[in-house]
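Participant: First the structure, then my questions, so here it is.
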Amino acid sequence: MAVDYMCPDCKGHLRVDEHIILTVKQDGEKGMLLLINPELGNYQTIHHQSHSINEGHKFDFFCPICHSKLHSDLNDNLAMVLMRDTDEKIFELHFSRISGQKSTYQIMGKEVKTFGIDAPHYLDFMNLIDMS
Ligand SMILES: [Zn+2]
């Protein structure tokens, strides 16, 4: 069974084939769909060619199904979705809302696995045990 990603509010499936599909908005702008590689630590994204993403901009992330904001309780600069691994374990997956910033945290209870070269940036604030 493949790893699944779900909205924390509606539990809707966000992964379709080899993409996680989210709605993102930059302040004042219309939203767009962002396709993210489901492999942790892979920061390749796809979006419509009429949009451009500037490095360092902060985006709001939304569930494309129920439109809930995907906020993280850990840090305002992070967003969060649920992840279900091949053993059917459920994790919280927190990731940076800032384009170009490679920091992802897979969290269950007090344990965290980190991905991306910028992961140490937020780790100090989290008070979790790094199991990476
Ligand atoms: Zn939802």
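Convention: chains lettered A, B, ... in structure tokens order; per-chain residue numbering from 1; ligands numbered from 1 as shown.
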List every residue of segment 24-63 of chain A that has an atom at most 9 Å from any atom of segment 93-110 of chain A, giving for each one its closest atom pair and the distance in Å to one decimal, counting only C-alpha atoms, sorted by chain and then by ascending residue number, as CSV.
Facilitator:
```
residue,atom,partner,partner_atom,distance
A:Leu40,CA,A:Thr104,CA,7.5
A:Gly41,CA,A:Thr104,CA,7.1
A:Asn42,CA,A:Lys102,CA,8.8
A:Tyr43,CA,A:Lys102,CA,7.0
A:Ile53,CA,A:Ser99,CA,7.3
A:Asn54,CA,A:Ser99,CA,6.9
A:Glu55,CA,A:Ser99,CA,5.1
A:Gly56,CA,A:Ser99,CA,5.2
A:His57,CA,A:Ile98,CA,5.3
A:Lys58,CA,A:Ile98,CA,4.2
A:Phe59,CA,A:Arg97,CA,5.3
A:Asp60,CA,A:Arg97,CA,6.7
A:Phe61,CA,A:Arg97,CA,7.4
```
Participant: Output the neighbourhood of ligand 1 as a ChimeraX atom specification, that is, all protein and nucleic acid residues with some atom at most 6 Å from the ligand, counting only C-alpha atoms and all ligand atoms.
Facilitator: /A:7,9-12,63,65-68
Participant: Could you give me, as a list in words, each residue of chain A that DSSP assigns to alpha helix (DSSP H) when run on this structure's backbone?
Facilitator: Pro120, His121, Tyr122 and Leu123 of chain A
Participant: Could you write those residues out with N, CA and C atoms, as a compact mmCIF listing (two decimals), in the first residue's frame?
Facilitator:
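In the end it all went to part.txt:
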```
# COMPACT_ATOMS: atom_id res chain seq x y z
N PRO A 120 17.15 22.02 10.52
CA PRO A 120 17.58 22.48 11.85
C PRO A 120 17.01 23.85 12.23
N HIS A 121 16.64 24.63 11.22
CA HIS A 121 16.16 25.99 11.43
C HIS A 121 15.03 26.07 12.45
N TYR A 122 14.08 25.14 12.41
CA TYR A 122 12.92 25.21 13.30
C TYR A 122 12.99 24.19 14.43
N LEU A 123 13.94 23.28 14.35
CA LEU A 123 13.98 22.16 15.29
C LEU A 123 14.16 22.64 16.74
```
Participant: List as a VMD selection string the protein and nucleic acid residues near His51 of chain A, meaning an atom at most 10 Å away when only C-alpha atoms are counted, but skip any in the same chain fewer than 2 places from it.
Facilitator: chain A and resid 31 to 33 47 to 49 53 to 54
Participant: Excluding Leu22 of chain A and any residue of its chain fewer than 2 positions from it, enumerate the residues within 8 Å of it, using only C-alpha atoms, and give them as a PyMOL selection string.
Facilitator: chain A and resi 14+20+24+33-36+61-64
Participant: Suppose you want the space between atom CA of Ile46 of chain A and atom CA of Ile21 of chain A; what is it in Å?
Facilitator: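 That distance, rounded to one decimal, is 9.6 Å.
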Participant: Using only C-alpha atoms, which protein or nucleic acid residues come within 7 Å of Leu128 of chain A? Drop anything in the same chain fewer than 2 positions from it, and give the result as number ranges by chain.
Facilitator: A: 110-112, 126, 130
Participant: Go through A:Glu92, A:Phe115, A:Ser50, A:Met6 and flag the residue nearest Lys30 of chain A, using only C-alpha atoms for the distances.
Facilitator: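 Going through A:Glu92, A:Phe115, A:Ser50, A:Met6 one by one, the smallest distance to Lys30 of chain A is for A:Ser50.
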Participant: Based on the backbone DSSP call, show me all residues of chain A assigned strand (DSSP E), as a PyMOL selection string.
Facilitator: chain A and resi 4-6+15-16+19-25+32-36+45-46+60-62+78-84+90-96+104-108+111-115+129-130
Participant: How would the residues just chosen look if you wrote them out with N, CA and C atoms as a compact mmCIF listing (two decimals), in the first residue's frame?
Facilitator:
```txt
# COMPACT_ATOMS: atom_id res chain seq x y z
N ASP A 4 -0.03 7.53 2.19
CA ASP A 4 -1.12 8.46 1.90
C ASP A 4 -0.95 9.75 2.67
N TYR A 5 -1.49 10.81 2.12
CA TYR A 5 -1.49 12.11 2.80
C TYR A 5 -2.93 12.57 2.89
N MET A 6 -3.30 13.04 4.10
CA MET A 6 -4.69 13.43 4.33
C MET A 6 -4.79 14.82 4.96
N ARG A 15 -3.24 12.86 -1.84
CA ARG A 15 -2.30 12.29 -2.79
C ARG A 15 -3.06 11.64 -3.95
N VAL A 16 -2.69 12.02 -5.15
CA VAL A 16 -3.22 11.38 -6.34
C VAL A 16 -2.02 10.94 -7.16
N HIS A 19 1.61 12.67 -6.85
CA HIS A 19 1.56 14.07 -6.43
C HIS A 19 0.72 14.23 -5.17
N ILE A 20 1.16 15.12 -4.28
CA ILE A 20 0.29 15.65 -3.24
C ILE A 20 -0.26 16.95 -3.78
N ILE A 21 -1.58 17.11 -3.78
CA ILE A 21 -2.20 18.29 -4.38
C ILE A 21 -2.74 19.20 -3.28
N LEU A 22 -2.24 20.43 -3.23
CA LEU A 22 -2.67 21.40 -2.24
C LEU A 22 -3.01 22.71 -2.94
N THR A 23 -3.85 23.51 -2.28
CA THR A 23 -4.10 24.86 -2.76
C THR A 23 -3.19 25.81 -2.00
N VAL A 24 -2.50 26.69 -2.69
CA VAL A 24 -1.66 27.67 -2.01
C VAL A 24 -2.05 29.08 -2.45
N LYS A 25 -1.90 30.02 -1.50
CA LYS A 25 -2.20 31.43 -1.79
C LYS A 25 -1.10 32.30 -1.23
N MET A 32 -3.75 28.94 -6.14
CA MET A 32 -3.38 28.04 -7.24
C MET A 32 -3.16 26.65 -6.68
N LEU A 33 -3.23 25.67 -7.57
CA LEU A 33 -2.95 24.30 -7.16
C LEU A 33 -1.45 24.06 -7.24
N LEU A 34 -0.93 23.41 -6.20
CA LEU A 34 0.49 23.07 -6.17
C LEU A 34 0.61 21.56 -6.02
N LEU A 35 1.36 20.96 -6.94
CA LEU A 35 1.59 19.52 -6.89
C LEU A 35 2.98 19.27 -6.31
N ILE A 36 3.00 18.49 -5.23
CA ILE A 36 4.24 18.28 -4.49
C ILE A 36 4.61 16.82 -4.58
N THR A 45 8.17 20.71 -7.13
CA THR A 45 6.75 21.05 -7.21
C THR A 45 6.38 21.40 -8.64
N ILE A 46 5.09 21.28 -8.92
CA ILE A 46 4.57 21.63 -10.24
C ILE A 46 3.39 22.57 -10.05
N ASP A 60 0.14 30.62 2.13
CA ASP A 60 -0.86 29.92 2.94
C ASP A 60 -1.24 28.65 2.19
N PHE A 61 -1.32 27.54 2.93
CA PHE A 61 -1.67 26.26 2.34
C PHE A 61 -3.09 25.88 2.76
N PHE A 62 -3.88 25.37 1.81
CA PHE A 62 -5.26 24.98 2.08
C PHE A 62 -5.53 23.59 1.52
N LEU A 78 5.21 27.10 9.39
CA LEU A 78 5.01 25.74 8.90
C LEU A 78 3.53 25.47 8.61
N ALA A 79 3.28 24.50 7.74
CA ALA A 79 1.94 23.99 7.48
C ALA A 79 1.94 22.51 7.83
N MET A 80 0.76 21.90 7.95
CA MET A 80 0.72 20.50 8.38
C MET A 80 -0.36 19.71 7.66
N VAL A 81 0.02 18.48 7.23
CA VAL A 81 -0.95 17.50 6.73
C VAL A 81 -0.72 16.20 7.49
N LEU A 82 -1.66 15.28 7.40
CA LEU A 82 -1.46 13.96 8.01
C LEU A 82 -0.85 13.03 6.98
N MET A 83 -0.03 12.11 7.47
CA MET A 83 0.63 11.14 6.60
C MET A 83 0.36 9.75 7.17
N ARG A 84 -0.03 8.82 6.33
CA ARG A 84 -0.22 7.43 6.76
C ARG A 84 0.78 6.57 6.01
N ILE A 90 -0.07 6.71 11.56
CA ILE A 90 -0.41 8.10 11.20
C ILE A 90 0.60 9.06 11.83
N PHE A 91 1.14 9.92 11.01
CA PHE A 91 2.08 10.95 11.46
C PHE A 91 1.52 12.32 11.13
N GLU A 92 2.05 13.33 11.84
CA GLU A 92 1.85 14.71 11.40
C GLU A 92 3.04 15.08 10.55
N LEU A 93 2.79 15.64 9.39
CA LEU A 93 3.88 16.08 8.53
C LEU A 93 3.85 17.61 8.46
N HIS A 94 4.84 18.22 9.10
CA HIS A 94 4.94 19.69 9.11
C HIS A 94 6.00 20.09 8.09
N PHE A 95 5.72 21.14 7.34
CA PHE A 95 6.68 21.57 6.31
C PHE A 95 6.61 23.09 6.17
N SER A 96 7.69 23.63 5.63
CA SER A 96 7.81 25.09 5.55
C SER A 96 6.82 25.69 4.56
N THR A 104 11.21 19.75 6.54
CA THR A 104 10.05 18.89 6.71
C THR A 104 10.23 18.08 7.98
N TYR A 105 9.15 17.91 8.73
CA TYR A 105 9.21 17.20 10.00
C TYR A 105 8.10 16.16 10.04
N GLN A 106 8.50 14.90 10.22
CA GLN A 106 7.54 13.81 10.34
C GLN A 106 7.43 13.49 11.83
N ILE A 107 6.27 13.76 12.42
CA ILE A 107 6.15 13.74 13.87
C ILE A 107 5.10 12.74 14.34
N MET A 108 5.48 11.93 15.33
CA MET A 108 4.52 11.09 16.02
C MET A 108 4.83 11.20 17.51
N GLU A 111 8.39 12.27 19.04
CA GLU A 111 9.50 11.93 18.17
C GLU A 111 9.34 12.60 16.81
N VAL A 112 10.47 13.03 16.27
CA VAL A 112 10.45 13.69 14.97
C VAL A 112 11.55 13.13 14.08
N LYS A 113 11.22 12.95 12.81
CA LYS A 113 12.23 12.68 11.79
C LYS A 113 12.27 13.89 10.89
N THR A 114 13.47 14.36 10.58
CA THR A 114 13.57 15.59 9.79
C THR A 114 14.08 15.29 8.38
N PHE A 115 13.66 16.14 7.44
CA PHE A 115 14.09 16.04 6.04
C PHE A 115 14.39 17.45 5.54
N ILE A 129 12.19 14.88 20.24
CA ILE A 129 13.39 14.05 20.18
C ILE A 129 13.66 13.70 18.72
N ASP A 130 14.84 14.11 18.23
CA ASP A 130 15.18 13.89 16.83
C ASP A 130 15.60 12.45 16.60
```
Participant: One decimal, Å: what's the distance from atom CA of Gln26 of chain A over to atom CA of Gln44 of chain A, could you say?
Facilitator: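 So the two atoms, atom CA of Gln26 of chain A and atom CA of Gln44 of chain A, lie 18.7 Å apart.
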Participant: Rounded to one decimal in Å, what is the spacing between atom CA of Thr86 of chain A and atom CA of Ala119 of chain A?
Facilitator: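 Atom CA of Thr86 of chain A sits 23.8 Å away from atom CA of Ala119 of chain A.
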